[in-house]
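Colleague: Below is one structure. I have some questions about it.
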Amino acid sequence: MGGAVSAGEDNDDLIDNLKEAQYIRTEKVEQAFRAIDRGDYYLDGYRDSAYKDLAWKHGNIHLSAPCIYSEVMEALKLQPGLSFLNLGSGTGYLSTMVGLIIGPFGVNHGVELHKDVVEYAREKLDDFIKNSDSFDKFEFCEPVFVVGNCLEISTDSHQYDRIYCGAGVQKDHENYMKVLLKIGGILVMPIEDQLTQITRTGQCTWESKNILAVSFAPLVQQSRADGEKPDTVQLPPVTVRSLQDLSRIYIRRTLRNLANEDSQGKGTVQRVPQKRKRRRCRRRRINTYVFVGNQLIPQMVESEEEEHPEEEHKEVEEEEERDIGDIEILKQVNMLRDQIMALPLPESLKAYLLYYREK
């Protein structure tokens, strides 16, 4: 599923195209997408495919198309402090973006069927925390992943404010998913070839809205012999943060705010839009997909560049350089790290405040 927008040259270019096509519509979702490079979640040798609006699968590892993730992120209506459950959490790409929005006082859990994929997701999460330039610019809710079948979650599990299911849900499993949702919460899942947003308005009342026609592989039902008990999935506990962890969060928040105020006062680090060369996606020949019944049929769409080449060529010259969206990007100076390193503290405590990041 995918192909709704043209391929990008890099992550920012892809986000530009998703914005232009109105898949990304809010600033907080745009910031999360720009902070997490989709290419980092691809295996070595496959990164060239990362910025196409197409799903990707290799073995058990799977990523949905960027247009799907964009619609999901917008439909979830995320806010700081919410609890989130990702059913079929896969590589952890979506869960990591969610963690940037719900912040350190949210809850971020994921259930994934395949153990090797959970290990892969944990590796990618660790790499993001230790190496990403974006990590110090956000307050983050770290995802916690468990191995298990999404249809075998313990009946006494806690409920969540937001839930996403990344596999096709059969109609007879719809109520099973709804039970996991708090009153006032939002569930986004593909059901009967429609990406659907379900809001729980009361103890037994719901509102549903179809978002997008999609094609997802169905949830895997656990096979077992007659009389054999299923392997019940225990979701991670919701725990209160330790005083030590709370101190780190507030110290980093205070220093980040001081660094921002200092940089604005001195003008040492200015927020400037990054310039880059880019073509408008409507001028390219792109792949798109059309639903005919339950079949997803690829079609080629002619761009306006071929219909009006002289007019479009003039437009390219006038817009050779443009801003990357409306989000202003900081120059690559990590003021938070400098603030922490300047503190009169033991090196071990500085390392803790930096999440043991080496750069």
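Identifiers for the structure tokens are assigned positionally: chains receive A, B, ... in sequence, residues are indexed from 1 per chain, and ligands are indexed from 1 in the order shown.
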Set the distance at 8 Å and use only C-alpha atoms: which residues neighbour region 83-88 of chain A once local chain neighbours fewer than 4 positions away are removed? I'd like the list as a PyMOL selection string.
Modeller: chain A and resi 95+102+106-113+150+160-167
Colleague: Could you give me, as a ChimeraX atom specification, the residues within 12 Å of Gly92 (chain A), counting only C-alpha atoms and dropping anything in the same chain fewer than 5 positions from it?
Modeller: /A:36,38,40-42,61-64,85-87,97-99,108-112,117-128,142-146,166
Colleague: Restricting the output to N, CA, C and O atoms, write the selected residues as a compact mmCIF listing (two decimals), in the first residue's frame.
Modeller:
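Produced file again-v4.txt, reproduced below:
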# COMPACT_ATOMS: atom_id res chain seq x y z
N ILE A 36 12.70 11.79 13.24
CA ILE A 36 13.02 10.37 13.10
C ILE A 36 13.24 10.06 11.63
O ILE A 36 12.29 10.10 10.84
N ARG A 38 13.34 7.94 8.61
CA ARG A 38 12.76 6.65 8.23
C ARG A 38 13.84 5.68 7.74
O ARG A 38 13.78 4.47 7.99
N ASP A 40 16.70 5.14 8.84
CA ASP A 40 17.42 4.47 9.92
C ASP A 40 16.78 3.15 10.32
O ASP A 40 17.39 2.35 11.04
N TYR A 41 15.55 2.92 9.89
CA TYR A 41 14.84 1.70 10.26
C TYR A 41 14.87 0.64 9.17
O TYR A 41 14.25 -0.42 9.30
N TYR A 42 15.61 0.93 8.11
CA TYR A 42 15.80 -0.04 7.02
C TYR A 42 17.09 -0.81 7.24
O TYR A 42 18.05 -0.29 7.83
N ILE A 61 10.46 -8.25 9.25
CA ILE A 61 10.53 -6.80 9.44
C ILE A 61 9.64 -6.11 8.41
O ILE A 61 9.70 -6.41 7.22
N HIS A 62 8.82 -5.19 8.87
CA HIS A 62 7.86 -4.54 7.98
C HIS A 62 7.66 -3.09 8.39
O HIS A 62 7.62 -2.75 9.57
N LEU A 63 7.56 -2.22 7.38
CA LEU A 63 7.21 -0.81 7.58
C LEU A 63 6.06 -0.48 6.64
O LEU A 63 6.11 -0.79 5.45
N SER A 64 5.02 0.17 7.16
CA SER A 64 3.93 0.63 6.31
C SER A 64 4.38 1.84 5.50
O SER A 64 5.41 2.46 5.79
N LEU A 85 -0.79 2.41 23.14
CA LEU A 85 -0.51 0.99 22.91
C LEU A 85 -0.44 0.75 21.41
O LEU A 85 -1.39 1.06 20.67
N ASN A 86 0.67 0.17 20.96
CA ASN A 86 0.87 -0.15 19.55
C ASN A 86 0.78 -1.67 19.39
O ASN A 86 1.66 -2.40 19.85
N LEU A 87 -0.27 -2.13 18.74
CA LEU A 87 -0.48 -3.56 18.52
C LEU A 87 0.11 -3.95 17.17
O LEU A 87 -0.39 -3.53 16.13
N MET A 97 8.17 7.88 17.18
CA MET A 97 7.59 9.18 16.85
C MET A 97 6.52 9.58 17.86
O MET A 97 6.44 10.74 18.29
N VAL A 98 5.69 8.62 18.27
CA VAL A 98 4.67 8.89 19.27
C VAL A 98 5.31 9.36 20.57
O VAL A 98 4.85 10.29 21.23
N GLY A 99 6.43 8.72 20.96
CA GLY A 99 7.12 9.07 22.19
C GLY A 99 7.61 10.51 22.24
O GLY A 99 7.71 11.11 23.32
N ASN A 108 4.09 4.35 26.83
CA ASN A 108 4.35 3.98 25.43
C ASN A 108 4.67 2.49 25.36
O ASN A 108 5.82 2.08 25.59
N HIS A 109 3.68 1.67 25.04
CA HIS A 109 3.85 0.22 25.02
C HIS A 109 3.61 -0.34 23.63
O HIS A 109 2.81 0.20 22.86
N GLY A 110 4.30 -1.43 23.31
CA GLY A 110 4.12 -2.08 22.03
C GLY A 110 4.12 -3.59 22.18
O GLY A 110 4.87 -4.14 23.00
N VAL A 111 3.27 -4.27 21.41
CA VAL A 111 3.21 -5.73 21.38
C VAL A 111 3.52 -6.19 19.97
O VAL A 111 2.91 -5.71 19.01
N GLU A 112 4.47 -7.10 19.83
CA GLU A 112 4.89 -7.59 18.52
C GLU A 112 5.00 -9.12 18.56
O GLU A 112 5.53 -9.69 19.52
N VAL A 117 11.91 -9.33 15.62
CA VAL A 117 11.51 -7.95 15.31
C VAL A 117 11.56 -7.09 16.57
O VAL A 117 11.96 -5.92 16.52
N VAL A 118 11.17 -7.65 17.70
CA VAL A 118 11.27 -6.91 18.97
C VAL A 118 12.73 -6.58 19.26
O VAL A 118 13.06 -5.46 19.67
N GLU A 119 13.63 -7.53 19.05
CA GLU A 119 15.06 -7.27 19.25
C GLU A 119 15.56 -6.18 18.31
O GLU A 119 16.34 -5.30 18.69
N TYR A 120 15.09 -6.21 17.07
CA TYR A 120 15.46 -5.19 16.08
C TYR A 120 14.94 -3.82 16.53
O TYR A 120 15.67 -2.82 16.44
N ALA A 121 13.70 -3.77 17.03
CA ALA A 121 13.13 -2.51 17.49
C ALA A 121 13.91 -1.95 18.67
O ALA A 121 14.13 -0.73 18.76
N ARG A 122 14.33 -2.81 19.58
CA ARG A 122 15.10 -2.34 20.74
C ARG A 122 16.46 -1.81 20.31
O ARG A 122 16.96 -0.82 20.88
N GLU A 123 17.07 -2.44 19.32
CA GLU A 123 18.34 -1.94 18.79
C GLU A 123 18.19 -0.56 18.17
O GLU A 123 19.02 0.33 18.39
N LYS A 124 17.12 -0.38 17.39
CA LYS A 124 16.88 0.90 16.74
C LYS A 124 16.56 1.99 17.77
O LYS A 124 16.99 3.13 17.61
N LEU A 125 15.83 1.63 18.81
CA LEU A 125 15.53 2.58 19.88
C LEU A 125 16.80 3.01 20.60
O LEU A 125 17.03 4.20 20.86
N ASP A 126 17.66 2.05 20.91
CA ASP A 126 18.93 2.35 21.58
C ASP A 126 19.81 3.24 20.70
O ASP A 126 20.44 4.18 21.20
N ASP A 127 19.82 2.98 19.42
CA ASP A 127 20.60 3.80 18.49
C ASP A 127 20.06 5.23 18.44
O ASP A 127 20.83 6.19 18.39
N PHE A 128 18.73 5.38 18.45
CA PHE A 128 18.14 6.72 18.45
C PHE A 128 18.53 7.50 19.70
O PHE A 128 18.93 8.67 19.62
N GLU A 142 10.07 6.77 26.29
CA GLU A 142 10.72 5.61 25.67
C GLU A 142 9.75 4.44 25.53
O GLU A 142 9.09 4.04 26.49
N PRO A 143 9.61 3.88 24.32
CA PRO A 143 8.72 2.74 24.14
C PRO A 143 9.24 1.50 24.86
O PRO A 143 10.44 1.29 24.97
N VAL A 144 8.31 0.68 25.32
CA VAL A 144 8.63 -0.62 25.92
C VAL A 144 7.91 -1.68 25.08
O VAL A 144 6.69 -1.64 24.92
N PHE A 145 8.69 -2.63 24.54
CA PHE A 145 8.14 -3.64 23.64
C PHE A 145 8.12 -5.01 24.31
O PHE A 145 9.06 -5.37 25.02
N VAL A 146 7.05 -5.77 24.05
CA VAL A 146 6.96 -7.14 24.55
C VAL A 146 6.60 -8.05 23.38
O VAL A 146 5.98 -7.63 22.40
N GLY A 166 -1.55 -2.31 13.76
CA GLY A 166 -0.89 -2.25 12.46
C GLY A 166 -1.13 -3.46 11.58
O GLY A 166 -0.34 -3.73 10.69
Colleague: If I take CA of Gly45 (chain A) and CA of Val220 (chain A), how far is one from the other in Å, to one decimal?
Modeller: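 Separation between CA of Gly45 (chain A) and CA of Val220 (chain A): 28.8 Å.
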Colleague: Report, in Å to a single decimal, how far apart CA of Asp37 (chain A) and CA of Asp116 (chain A) are.
Modeller: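 CA of Asp37 (chain A) lies 21.5 Å from CA of Asp116 (chain A).
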Colleague: Applying 8 Å and only C-alpha atoms, which residues near Thr26 (chain A) remain after dropping the ones on its own chain fewer than 3 positions away? List them as a PyMOL selection string.
Modeller: chain A and resi 29-30+74
Colleague: Return the single residue from A:Ser89, A:Gln197, A:Gln244, A:Thr254 that is closest to Ile340 (chain A), with distances computed using only C-alpha atoms.
Modeller: A:Thr254
Colleague: Identify all residues of region 31-190 of chain A in alpha helix (DSSP H) (DSSP on the backbone) and supply them as a PyMOL selection string.
Modeller: chain A and resi 31-35+66-76+93-102+115-131+174-179
Colleague: Could you pull out the strand (DSSP E) residues of region 55-188 of chain A from DSSP and send them as a ChimeraX atom specification?
Modeller: /A:56-58,61-63,83-87,107-112,144-147,160-165,181-188
Colleague: Give me the residues near Leu14 (chain A) as a ChimeraX atom specification, where near means some atom within 9 Å (using only C-alpha atoms) and where sequence neighbours in that chain fewer than 4 positions away do not count.
Modeller: /A:5-10,18-19,51-53,66
Colleague: Counting only C-alpha atoms, which residue out of A:Leu82, A:Leu43, A:Ile68, A:Leu349 sits closest to Ser247 (chain A)?
Modeller: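 The closest residue to Ser247 (chain A) is A:Leu349.
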Colleague: Report as a ChimeraX atom specification all protein, DNA and RNA residues lying within 7 Å of region 229-236 of chain A, evaluated on only C-alpha atoms, omitting residues in the same chain fewer than 3 positions from it.
Modeller: /A:109,148-149,152-154,157
Colleague: Which value, in Å to one decimal, gives the distance between CA of Ile129 (chain A) and CA of Asp13 (chain A)?
Modeller: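 That distance, rounded to one decimal, is 23.5 Å.
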Colleague: Applying 8 Å and only C-alpha atoms, which residues near Arg256 (chain A) remain after dropping the ones on its own chain fewer than 4 positions away? List them as a list of chain:residue names.
Modeller: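 Once the nearby chain positions are removed, what remains is A:Arg252, A:Asn260, A:Met335, A:Leu336.
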Colleague: Just want the 10 Å neighbourhood of Arg241 (chain A), counted on only C-alpha atoms, with same-chain residues fewer than 5 positions away dropped. Output as a PyMOL selection string.
Modeller: chain A and resi 104-105+246-247
